[in-house]
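Content type mmCIF, C-alpha atoms, from the file start_29.cif:
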data_entry
#
loop_
_atom_site.label_atom_id
_atom_site.label_comp_id
_atom_site.auth_asym_id
_atom_site.auth_seq_id
_atom_site.Cartn_x
_atom_site.Cartn_y
_atom_site.Cartn_z
CA MET A 202 148.39 -25.81 16.69
CA SER A 203 146.04 -26.30 19.59
CA GLU A 204 142.68 -27.54 18.35
CA SER A 205 140.69 -25.43 20.84
CA ARG A 206 137.14 -24.32 20.11
CA PHE A 207 138.44 -20.82 19.45
CA ASP A 208 140.92 -22.10 16.87
CA LEU A 209 138.29 -24.17 15.12
CA HIS A 210 135.90 -21.24 15.08
CA GLN A 211 138.62 -18.99 13.64
CA LEU A 212 139.43 -21.55 10.97
CA GLY A 213 135.74 -21.68 10.11
CA VAL A 214 135.56 -17.90 9.72
CA GLU A 215 138.64 -17.96 7.48
CA ALA A 216 137.12 -20.70 5.33
CA TYR A 217 133.77 -18.92 5.14
CA LEU A 218 135.36 -15.68 3.93
CA TYR A 219 137.52 -17.57 1.44
CA LEU A 220 134.54 -19.45 -0.01
CA TYR A 221 131.92 -16.69 0.21
CA PRO A 222 132.54 -15.31 -3.32
CA LEU A 223 132.34 -18.78 -4.89
CA VAL A 224 129.02 -19.57 -3.21
CA THR A 225 127.63 -16.11 -3.97
CA MET A 226 128.53 -16.44 -7.64
CA GLU A 227 126.80 -19.81 -7.91
CA VAL A 228 123.59 -18.69 -6.20
CA THR A 229 123.57 -15.56 -8.38
CA ARG A 230 124.16 -17.62 -11.53
CA ARG A 231 121.28 -19.96 -10.73
CA GLN A 232 118.81 -17.13 -10.30
CA LEU A 233 119.94 -14.95 -13.22
CA THR A 234 119.99 -17.81 -15.75
CA ASN A 235 116.89 -19.76 -14.67
CA ILE A 236 114.64 -17.78 -16.97
CA ALA A 237 113.79 -17.75 -20.66
CA ALA A 238 115.39 -15.03 -22.77
CA GLY A 239 113.49 -11.76 -23.02
CA GLN A 240 111.40 -12.13 -19.87
CA LEU A 241 113.39 -9.76 -17.65
CA PRO A 242 116.10 -7.24 -18.60
CA GLY A 243 119.56 -8.46 -17.68
CA ARG A 244 118.53 -12.12 -17.31
CA ALA A 245 118.87 -14.95 -19.80
CA PRO A 246 119.76 -18.65 -19.93
CA MET A 247 123.36 -19.80 -19.88
CA GLY A 248 125.14 -19.01 -23.12
CA GLU A 249 123.11 -15.93 -24.10
CA PHE A 250 123.63 -12.20 -23.68
CA ALA A 251 120.97 -10.31 -21.73
CA HIS A 252 120.94 -6.55 -22.17
CA ILE A 253 119.72 -3.63 -20.09
CA PRO A 254 118.16 -1.26 -22.66
CA ALA A 255 117.84 1.94 -20.59
CA PHE A 256 118.96 3.73 -17.45
CA PRO A 257 116.91 2.98 -14.32
CA SER A 258 113.83 5.10 -13.70
CA ALA A 259 113.41 7.12 -10.53
CA ASP A 260 111.41 4.33 -8.87
CA PHE A 261 113.84 1.49 -9.75
CA LYS A 262 114.82 -0.34 -6.54
CA ALA A 263 116.24 -3.69 -7.69
CA VAL A 264 119.94 -2.71 -7.56
CA VAL A 265 121.70 -0.21 -5.30
CA ARG A 266 123.91 2.54 -6.73
CA PRO A 267 123.19 1.89 -10.43
CA ASN A 268 125.25 3.93 -12.86
CA PHE A 269 123.91 6.40 -15.41
CA ASP A 270 126.95 6.22 -17.68
CA THR A 271 126.72 2.82 -19.35
CA LEU A 272 124.16 0.19 -20.29
CA TYR A 273 124.83 -3.36 -19.14
CA SER A 274 125.09 -6.60 -21.11
CA SER A 275 125.42 -9.82 -19.11
CA ALA A 276 126.23 -13.40 -20.13
CA TRP A 277 126.96 -16.53 -18.10
CA LEU A 278 128.98 -19.10 -20.04
CA ASP A 279 129.61 -22.80 -19.56
CA LEU A 280 132.97 -23.79 -21.02
CA SER A 281 132.89 -27.40 -19.86
CA SER A 282 132.22 -28.66 -23.40
CA GLY A 283 134.91 -26.51 -24.97
CA PRO A 284 135.82 -22.91 -25.76
CA VAL A 285 133.21 -20.25 -26.32
CA VAL A 286 133.94 -17.32 -28.63
CA VAL A 287 132.95 -13.87 -27.36
CA SER A 288 132.52 -11.34 -30.17
CA ALA A 289 132.29 -7.56 -30.06
CA PRO A 290 131.43 -5.28 -33.00
CA ASP A 291 133.31 -2.23 -34.18
CA THR A 292 132.02 0.44 -31.78
CA GLY A 293 133.41 3.36 -33.78
CA GLY A 294 135.47 4.57 -30.84
CA ARG A 295 132.66 4.25 -28.30
CA TYR A 296 133.84 3.19 -24.83
CA TYR A 297 132.89 -0.34 -23.87
CA LEU A 298 134.16 -3.00 -21.52
CA LEU A 299 133.58 -6.77 -21.43
CA PRO A 300 135.19 -7.91 -18.16
CA VAL A 301 135.12 -11.68 -17.68
CA TYR A 302 134.95 -13.05 -14.13
CA ASP A 303 135.92 -16.48 -12.91
CA MET A 304 133.79 -18.15 -10.25
CA TRP A 305 136.03 -16.70 -7.54
CA THR A 306 135.06 -13.17 -8.78
CA ASP A 307 138.47 -12.30 -10.25
CA VAL A 308 138.57 -10.44 -13.57
CA PHE A 309 140.88 -12.55 -15.75
CA ALA A 310 140.25 -10.67 -19.01
CA ALA A 311 138.77 -7.29 -19.88
CA PRO A 312 138.48 -6.75 -23.64
CA GLY A 313 137.36 -3.28 -24.57
CA TRP A 314 138.20 0.35 -25.27
CA ARG A 315 141.23 0.54 -22.95
CA THR A 316 142.82 -2.83 -23.68
CA THR A 317 141.99 -4.26 -27.09
CA GLY A 318 140.51 -1.21 -28.80
CA THR A 319 137.16 -0.71 -30.47
CA ALA A 320 137.57 -2.58 -33.77
CA ALA A 321 135.53 -5.77 -34.26
CA GLN A 322 137.12 -8.69 -32.41
CA HIS A 323 136.67 -12.31 -31.32
CA HIS A 324 138.07 -13.88 -28.14
CA ALA A 325 137.86 -17.61 -27.39
CA LEU A 326 137.42 -18.32 -23.67
CA VAL A 327 139.33 -21.56 -23.21
CA PRO A 328 138.52 -23.85 -20.25
CA PRO A 329 141.21 -25.36 -18.03
CA GLY A 330 142.99 -28.32 -19.67
CA TRP A 331 141.71 -27.71 -23.19
CA SER A 332 144.03 -28.15 -26.15
CA GLY A 333 143.21 -27.53 -29.74
CA SER A 334 143.36 -24.96 -32.51
CA LEU A 335 141.31 -21.81 -33.06
CA PRO A 336 140.08 -20.24 -36.30
CA ALA A 337 142.00 -17.37 -37.83
CA GLY A 338 141.13 -14.06 -36.23
CA VAL A 339 140.09 -15.60 -32.91
CA SER A 340 142.43 -14.94 -29.98
CA PRO A 341 142.67 -17.35 -27.02
CA VAL A 342 141.93 -16.31 -23.43
CA LYS A 343 142.55 -18.95 -20.75
CA ALA A 344 139.72 -19.17 -18.23
CA PRO A 345 140.59 -20.30 -14.69
CA THR A 346 137.15 -21.93 -14.15
CA PRO A 347 134.75 -23.68 -16.55
CA THR A 348 131.93 -21.27 -15.67
CA VAL A 349 132.48 -17.55 -16.21
CA TRP A 350 130.41 -14.37 -16.11
CA ILE A 351 130.66 -11.40 -18.47
CA ILE A 352 129.31 -8.08 -17.19
CA GLY A 353 129.59 -5.81 -20.20
CA ARG A 354 129.23 -2.03 -20.07
CA THR A 355 128.69 0.25 -23.07
CA GLN A 356 128.93 4.03 -22.91
CA ALA A 357 125.53 5.73 -23.14
CA ASN A 358 125.29 9.52 -23.38
CA GLY A 359 121.71 9.86 -22.21
CA PRO A 360 118.41 8.51 -23.58
CA SER A 361 118.96 10.17 -26.97
CA ASP A 362 121.96 7.84 -27.37
CA TYR A 363 120.09 4.59 -26.67
CA GLU A 364 119.54 3.65 -30.31
CA ALA A 365 123.26 3.75 -31.04
CA VAL A 366 124.04 1.78 -27.87
CA HIS A 367 121.47 -0.86 -28.77
CA ARG A 368 123.23 -1.40 -32.09
CA VAL A 369 126.47 -2.09 -30.21
CA GLN A 370 124.72 -4.41 -27.76
CA ALA A 371 123.18 -6.32 -30.65
CA GLY A 372 126.70 -6.94 -31.92
CA TYR A 373 127.85 -8.71 -28.76
CA ALA A 374 127.68 -12.47 -29.30
CA VAL A 375 128.73 -15.74 -27.69
CA THR A 376 129.29 -18.76 -29.92
CA PRO A 377 130.51 -22.21 -28.88
CA LEU A 378 133.65 -22.99 -30.85
CA ALA A 379 131.93 -26.15 -32.14
CA GLN A 380 129.30 -23.93 -33.81
CA TRP A 381 131.70 -21.31 -35.19
CA GLY A 382 130.72 -20.31 -38.71
CA GLU A 383 127.18 -21.68 -38.34
CA PRO A 384 123.96 -19.67 -37.89
CA PRO A 385 123.34 -18.70 -34.23
CA SER A 386 121.54 -21.42 -32.32
CA PRO A 387 120.40 -20.59 -28.75
CA PRO A 388 121.08 -23.42 -26.32
CA PRO A 389 118.09 -25.46 -25.11
CA PHE A 390 116.52 -24.10 -21.93
CA GLU A 391 114.27 -25.56 -19.26
CA ALA A 392 113.63 -23.75 -15.98
CA ASP A 393 114.51 -25.51 -12.72
CA PRO A 394 111.54 -25.14 -10.35
CA ALA A 395 113.80 -25.74 -7.35
CA VAL A 396 115.66 -22.44 -7.86
CA ASP A 397 114.51 -19.63 -5.57
CA MET A 398 113.75 -16.82 -8.04
CA THR A 399 112.47 -14.25 -5.55
CA THR A 400 114.86 -14.13 -2.59
CA PRO A 401 117.93 -11.99 -3.43
CA PRO A 402 121.07 -14.13 -3.80
CA LEU A 403 122.77 -12.31 -0.91
CA ASP A 404 119.92 -13.20 1.42
CA GLN A 405 119.96 -16.80 0.25
CA VAL A 406 123.68 -17.15 0.92
CA GLU A 407 123.64 -15.50 4.31
CA ALA A 408 120.67 -17.56 5.51
CA MET A 409 122.57 -20.83 4.95
CA ARG A 410 123.61 -22.82 8.00
CA ALA A 411 127.32 -23.48 8.19
CA GLU A 412 127.10 -27.13 7.14
CA VAL A 413 124.91 -26.25 4.12
CA PHE A 414 127.23 -23.42 3.06
CA PHE A 415 130.38 -25.53 3.34
CA ALA A 416 128.77 -28.53 1.63
CA LEU A 417 127.81 -26.41 -1.37
CA ALA A 418 131.25 -24.78 -1.46
CA ALA A 419 132.95 -28.19 -1.44
CA GLU A 420 130.89 -29.36 -4.41
CA LEU A 421 131.72 -26.15 -6.28
CA MET A 422 135.44 -26.59 -5.62
CA LYS A 423 135.28 -29.95 -7.38
CA VAL A 424 134.39 -28.07 -10.57
CA HIS A 425 136.04 -24.68 -10.10
CA PRO A 426 139.65 -25.12 -9.00
CA PRO A 427 141.08 -22.75 -6.40
CA HIS A 428 143.78 -20.34 -7.53
CA PRO A 429 147.38 -21.60 -7.48
CA THR A 430 148.28 -19.07 -4.76
CA ASP A 431 145.68 -20.44 -2.33
CA PHE A 432 147.77 -23.27 -0.86
CA SER A 433 147.97 -21.86 2.65
CA ALA A 434 144.26 -21.14 2.95
CA LEU A 435 143.39 -24.59 1.65
CA ALA A 436 145.82 -26.30 4.00
CA ARG A 437 144.21 -24.65 7.02
CA MET A 438 140.72 -25.66 5.90
CA THR A 439 141.56 -29.34 6.12
CA ARG A 440 141.38 -29.02 9.91
CA ILE A 441 137.62 -28.51 9.67
CA GLY A 442 137.01 -31.18 7.04
CA LEU A 443 137.25 -29.08 3.86
CA ARG A 444 139.42 -30.53 1.09
CA PRO A 445 139.31 -29.42 -2.55
CA GLY A 446 137.96 -32.19 -4.75
CA GLU A 447 136.11 -33.88 -1.89
CA SER A 448 132.60 -33.56 -0.51
CA PHE A 449 132.07 -31.96 2.89
CA ASP A 450 130.43 -34.38 5.28
CA PRO A 451 129.48 -32.81 8.62
CA GLY A 452 128.63 -36.30 9.87
CA GLN A 453 132.37 -37.04 9.92
CA LEU A 454 133.11 -34.10 12.25
CA ASP A 455 133.31 -34.38 16.00
CA PRO A 456 130.79 -32.46 18.16
CA LYS A 457 133.43 -29.89 19.15
CA THR A 458 134.08 -28.94 15.54
CA LEU A 459 130.39 -28.83 14.67
CA ALA A 460 129.72 -26.55 17.63
CA ALA A 461 132.59 -24.29 16.61
CA LEU A 462 131.22 -23.99 13.06
CA ASP A 463 127.65 -23.28 14.10
CA THR A 464 128.25 -19.57 14.76
CA VAL A 465 130.70 -19.05 11.87
CA PRO A 466 128.30 -17.49 9.32
CA LYS A 467 127.16 -14.70 11.62
CA ALA A 468 130.68 -14.04 12.90
CA ALA A 469 132.06 -13.82 9.35
CA GLN A 470 129.21 -11.59 8.20
CA ASP A 471 129.72 -9.27 11.17
CA LEU A 472 133.44 -9.11 10.41
CA MET A 473 132.73 -8.09 6.82
CA THR A 474 130.45 -5.30 8.03
CA GLN A 475 132.98 -4.04 10.55
CA ALA A 476 135.92 -4.14 8.13
CA ILE A 477 134.38 -2.04 5.34
CA PRO A 478 135.63 1.34 6.67
CA GLN A 479 139.22 0.08 6.79
CA LEU A 480 139.39 -1.14 3.20
CA ALA A 481 140.17 2.19 1.54
CA LYS A 482 141.95 5.43 2.34
CA VAL A 483 139.81 8.54 2.78
CA SER A 484 140.95 11.83 1.26
CA ASN A 485 138.97 15.08 1.42
CA GLY A 486 136.00 13.05 2.64
CA TRP A 487 136.14 10.67 -0.36
CA SER A 488 136.80 6.96 0.10
CA MET A 489 139.35 6.02 -2.57
CA ASN A 490 139.23 2.27 -3.20
CA THR A 491 141.85 2.13 -5.94
CA ASP A 492 143.79 -1.09 -5.35
CA THR A 493 143.15 -4.83 -4.97
CA MET A 494 139.86 -4.52 -6.84
CA GLY A 495 138.74 -6.94 -9.51
CA VAL A 496 141.82 -9.08 -8.84
CA TYR A 497 142.28 -9.75 -5.13
CA GLY A 498 145.27 -12.01 -4.70
CA ASN A 499 145.15 -13.48 -1.21
CA PHE A 500 143.17 -10.58 0.29
CA TYR A 501 140.25 -12.91 0.95
CA LEU A 502 138.44 -10.57 3.34
CA LYS A 503 138.25 -7.81 0.73
CA ARG A 504 137.25 -10.27 -1.96
CA ALA A 505 134.37 -11.45 0.22
CA ILE A 506 133.26 -7.91 1.10
CA VAL A 507 133.24 -6.83 -2.55
CA ALA A 508 131.22 -9.92 -3.47
CA ARG A 509 128.78 -8.95 -0.73
CA VAL A 510 128.34 -5.24 -1.51
CA GLY A 511 129.34 -4.92 -5.17
CA LEU A 512 129.54 -8.26 -6.96
CA GLY A 513 131.28 -7.88 -10.30
CA ALA A 514 133.69 -5.05 -9.50
CA ASN A 515 135.96 -3.76 -12.24
CA GLN A 516 139.71 -3.59 -12.15
CA PRO A 517 140.71 -0.06 -11.09
CA GLU A 518 142.51 0.53 -14.39
CA ASP A 519 139.10 0.32 -16.08
CA ALA A 520 137.02 2.27 -13.57
CA ILE A 521 137.19 3.63 -10.02
CA TYR A 522 134.36 4.85 -7.83
CA PRO A 523 135.29 7.47 -5.21
CA LEU A 524 132.58 7.42 -2.55
CA LEU A 525 131.80 10.59 -0.60
CA GLU A 526 131.60 9.88 3.12
CA ALA A 527 131.67 13.39 4.62
CA ASP A 528 131.78 17.08 3.73
CA ALA A 529 134.86 19.30 4.12
CA ASP A 530 134.16 19.62 7.87
CA GLY A 531 133.84 15.87 8.39
CA ALA A 532 130.06 15.97 8.73
CA PRO A 533 127.62 13.68 6.92
CA LEU A 534 125.79 15.23 3.98
CA GLY A 535 122.07 15.95 4.05
CA GLY A 536 119.53 17.53 1.75
CA SER A 537 118.74 20.30 4.23
CA SER A 538 122.10 21.90 3.33
CA ASP A 539 123.56 23.20 0.07
CA TYR A 540 127.04 22.11 -1.05
CA LEU A 541 129.66 23.11 -3.59
CA CYS A 542 132.19 20.80 -5.24
CA HIS A 543 134.86 23.04 -6.79
CA PHE A 544 137.37 21.64 -9.26
CA ALA A 545 140.32 23.96 -9.79
CA ALA A 546 141.53 24.51 -13.34
CA GLY A 547 143.61 21.51 -14.35
CA GLU A 548 142.22 19.42 -11.46
CA LEU A 549 139.18 17.87 -13.11
CA PRO A 550 138.84 14.11 -12.65
CA PRO A 551 141.69 12.57 -14.68
CA ALA A 552 139.97 10.00 -16.88
CA ASP A 553 140.93 9.00 -20.39
CA ALA A 554 137.32 8.00 -21.17
CA PHE A 555 134.87 10.08 -19.08
CA TRP A 556 133.75 10.87 -15.52
CA SER A 557 130.53 11.50 -13.62
CA ILE A 558 129.07 12.20 -10.17
CA THR A 559 125.88 10.33 -9.26
CA MET A 560 123.41 11.16 -6.49
CA TYR A 561 121.64 8.53 -4.39
CA ASP A 562 119.57 8.57 -1.23
CA GLU A 563 120.71 6.97 2.02
CA HIS A 564 119.69 3.52 0.74
CA GLY A 565 121.65 3.80 -2.51
CA PHE A 566 118.68 4.51 -4.76
CA GLN A 567 118.26 7.41 -7.16
CA ALA A 568 115.81 10.09 -5.99
CA ALA A 569 113.16 11.73 -8.15
CA ASN A 570 113.84 15.40 -8.89
CA PRO A 571 112.31 18.19 -10.99
CA ILE A 572 114.82 17.93 -13.86
CA ASN A 573 115.09 14.11 -13.83
CA ARG A 574 118.87 14.32 -13.44
CA PHE A 575 120.58 11.59 -11.41
CA ALA A 576 124.18 12.13 -12.52
CA ILE A 577 126.32 14.93 -13.91
CA GLY A 578 129.68 14.79 -15.66
CA ASP A 579 131.96 15.77 -18.48
CA ARG A 580 129.52 14.71 -21.21
CA ASP A 581 126.93 17.23 -19.97
CA ARG A 582 126.80 20.85 -21.10
CA LEU A 583 128.55 22.20 -18.04
CA ALA A 584 129.29 25.88 -17.51
CA TYR A 585 132.96 26.39 -16.67
CA ASN A 586 134.35 29.44 -14.90
CA SER A 587 136.47 31.93 -16.83
CA ASP A 588 139.68 30.46 -15.36
CA GLY A 589 138.75 26.92 -16.46
CA SER A 590 137.60 25.77 -13.02
CA LEU A 591 134.27 24.04 -12.47
CA ASP A 592 131.61 24.34 -9.76
CA ILE A 593 129.09 21.55 -9.17
CA TYR A 594 126.09 22.60 -7.02
CA ILE A 595 124.77 19.79 -4.83
CA GLN A 596 121.45 20.74 -3.23
CA HIS A 597 117.76 19.89 -2.93
CA THR A 598 116.41 23.03 -4.60
CA SER A 599 117.59 24.73 -7.77
CA PRO A 600 120.63 27.01 -7.39
CA GLY A 601 119.03 29.36 -9.91
CA ALA A 602 118.57 29.33 -13.66
CA ASP A 603 122.09 30.63 -14.26
CA LYS A 604 123.61 27.70 -12.33
CA GLU A 605 121.20 24.92 -13.19
CA ALA A 606 123.48 23.44 -15.88
CA ASN A 607 125.85 22.48 -13.04
CA TRP A 608 123.18 21.34 -10.56
CA LEU A 609 123.18 17.81 -9.15
CA PRO A 610 119.75 17.54 -7.46
CA ALA A 611 119.73 16.02 -3.97
CA PRO A 612 116.97 14.29 -2.00
CA ALA A 613 115.67 15.87 1.18
CA GLY A 614 117.29 13.36 3.53
CA PRO A 615 120.80 11.89 3.87
CA LEU A 616 122.84 11.87 0.66
CA GLY A 617 124.84 9.14 -1.04
CA ILE A 618 127.27 10.41 -3.67
CA THR A 619 129.52 8.35 -5.95
CA MET A 620 132.03 9.69 -8.46
CA ARG A 621 133.02 7.48 -11.38
CA LEU A 622 136.19 7.69 -13.48
CA TYR A 623 136.30 5.44 -16.54
CA ALA A 624 139.81 4.55 -17.71
CA PRO A 625 141.31 6.63 -14.88
CA ARG A 626 144.79 8.01 -15.46
CA PRO A 627 147.72 6.88 -13.27
CA GLU A 628 147.51 9.89 -10.95
CA ALA A 629 144.00 8.85 -9.92
CA LEU A 630 145.23 5.34 -9.08
CA ASP A 631 148.47 6.14 -7.25
CA GLY A 632 147.17 8.92 -5.02
CA ARG A 633 148.60 11.97 -6.78
CA TRP A 634 145.03 13.13 -7.51
CA ASN A 635 142.05 12.98 -5.17
CA PRO A 636 138.61 14.55 -5.54
CA PRO A 637 138.27 17.99 -3.93
CA PRO A 638 136.38 18.44 -0.65
CA VAL A 639 132.66 19.14 -0.87
CA ARG A 640 131.95 22.31 1.14
CA ARG A 641 128.71 23.29 2.81
CA ILE A 642 127.64 26.72 1.56
CA ARG A 643 124.29 26.99 3.34
#
What do you get writing this file as structure tokens?
Amino acid sequence: MSESRFDLHQLGVEAYLYLYPLVTMEVTRRQLTNIAAGQLPGRAPMGEFAHIPAFPSADFKAVVRPNFDTLYSSAWLDLSSGPVVVSAPDTGGRYYLLPVYDMWTDVFAAPGWRTTGTAAQHHALVPPGWSGSLPAGVSPVKAPTPTVWIIGRTQANGPSDYEAVHRVQAGYAVTPLAQWGEPPSPPPFEADPAVDMTTPPLDQVEAMRAEVFFALAAELMKVHPPHPTDFSALARMTRIGLRPGESFDPGQLDPKTLAALDTVPKAAQDLMTQAIPQLAKVSNGWSMNTDTMGVYGNFYLKRAIVARVGLGANQPEDAIYPLLEADADGAPLGGSSDYLCHFAAGELPPADAFWSITMYDEHGFQAANPINRFAIGDRDRLAYNSDGSLDIYIQHTSPGADKEANWLPAPAGPLGITMRLYAPRPEALDGRWNPPPVRRIR
């Protein structure tokens, strides 16, 4: 291969995209765990669950496109000293999901309603290279990296259901195997003043100069081994001084290579932005991202994009999120128009658990409305037509008292609409079913 500046630059972009999820996970971990338990919802030290106790309010702006179907429970775990047992209570049939992510953002286990059922259970997350025995009733799960992240989700049927959900959340537990059978003992915690606790992790990562980004990634690869299928990507990185298990020293690179790497971060970030529209098929105006999610194989570009715009994505078998990009005529949706989403009888979203449609504004935030409704779905008291079909009214003002049960309120400006199917059936994953077009009626 010719070692031209263009080739070196391209190699740098490839390496940046490959390593982007690993660096993003680490920066996210530092910020989310550098805080004492109970100070902020969803944040806690390593080795402890942090719960979100309620749906976001209308003025919540911390996370884009939050869901109004489940309450979150998050835990970062360090397995370097041995296995950690993750426990879930008997949920009495309630849908829940405890996906576990390695530091490369792949879901390697997803205990819960669809996979392991809803009876009480214990799973030991076992670090690479560990050998030993587990107590009776504890099942082993091999973790690819010694640090993992659990992003749990528990079905919540509105605020009146919170008390029951909180009981389930209180039953989630993480226990080092060495402490199994002993009273819970939270790990010692001391905040690191060097951690930036205010700048969003995405902004921190994307502000890094190339040499800083690659140096951090190299140190992380010493701890978190690349996947066995990554040989080719790793082999190409050696040309720009990146070798798993070794530090990255820009001082050892020649000026030509350094110059080629200087513009890599912006070029890779621009590529991620440009590639988003090509990642999923669009049917009836809905973007259907139903494959290579949660587990990405060697699709490093998609893995990086998902880490950038939706860190912690589920496997499609657990949940899919059709995203409405245009109305039936191909036009963008706006609150100055009224729309109808008509599901024919027998064509409702095929989900074994439940489904919903959530409204956001153009920035991905929920918009205040007179009935305080941000999502609508099969757990609501919907009014079906006599033939079994269903009409959802999407508009800024009420469609009238007789239709208000099926009204999804819209903001005045551009609309952002996401459908969610939990435990989608095969026809939703293989393309036999797609959401119906959303038609402008005024």
Surrounding residues of Pro426 of chain A excluding itself and chain neighbours under 3 positions, 8 Å, only C-alpha atoms, as a PDB file with C-alpha atoms, keeping the file's coordinate frame:
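As a result, part27.pdb now contains:
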ATOM      1  CA  PRO A 345     140.590 -20.300 -14.690  1.00  0.00           C
ATOM      2  CA  THR A 346     137.150 -21.930 -14.150  1.00  0.00           C
ATOM      3  CA  MET A 422     135.440 -26.590  -5.620  1.00  0.00           C
ATOM      4  CA  LYS A 423     135.280 -29.950  -7.380  1.00  0.00           C
ATOM      5  CA  PRO A 445     139.310 -29.420  -2.550  1.00  0.00           C
TER       6      PRO A 445
END
message: Since I can't run it myself right now, could you work out what the PyMOL selection byres ((chain A and resi 598) around 12) selects here and report it as a list of chain:residue names?
response: A:Gly536, A:Ser537, A:Ser538, A:Asp539, A:Tyr540, A:Asn570, A:Pro571, A:Ile572, A:Tyr594, A:Ile595, A:Gln596, A:His597, A:Ser599, A:Pro600, A:Gly601, A:Ala602, A:Lys604, A:Glu605, A:Trp608, A:Leu609, A:Pro610, A:Ala611, A:Pro612, A:Ala613, A:Arg643
task: Find the spatial neighbours of segment 259-273 of chain A, counting all atoms listed in the file, within a cut-off of 7 Å - ignore same-chain residues fewer than 2 positions away - and output them as a PyMOL selection string.
output: chain A and resi 252-257+275+352-358+561+565-569+576
message: Which residues are near Gly294 of chain A? Cut-off 9 Å, all atoms listed in the file, ignore same chain within fewer than 5 positions. Put them as number ranges by chain.
response: A: 314, 318-320
Among the residues A:Val349, A:Leu524, A:Leu630, A:Ala461, the one that comes closest to Ala276 of chain A [using only C-alpha atoms]: A:Val349
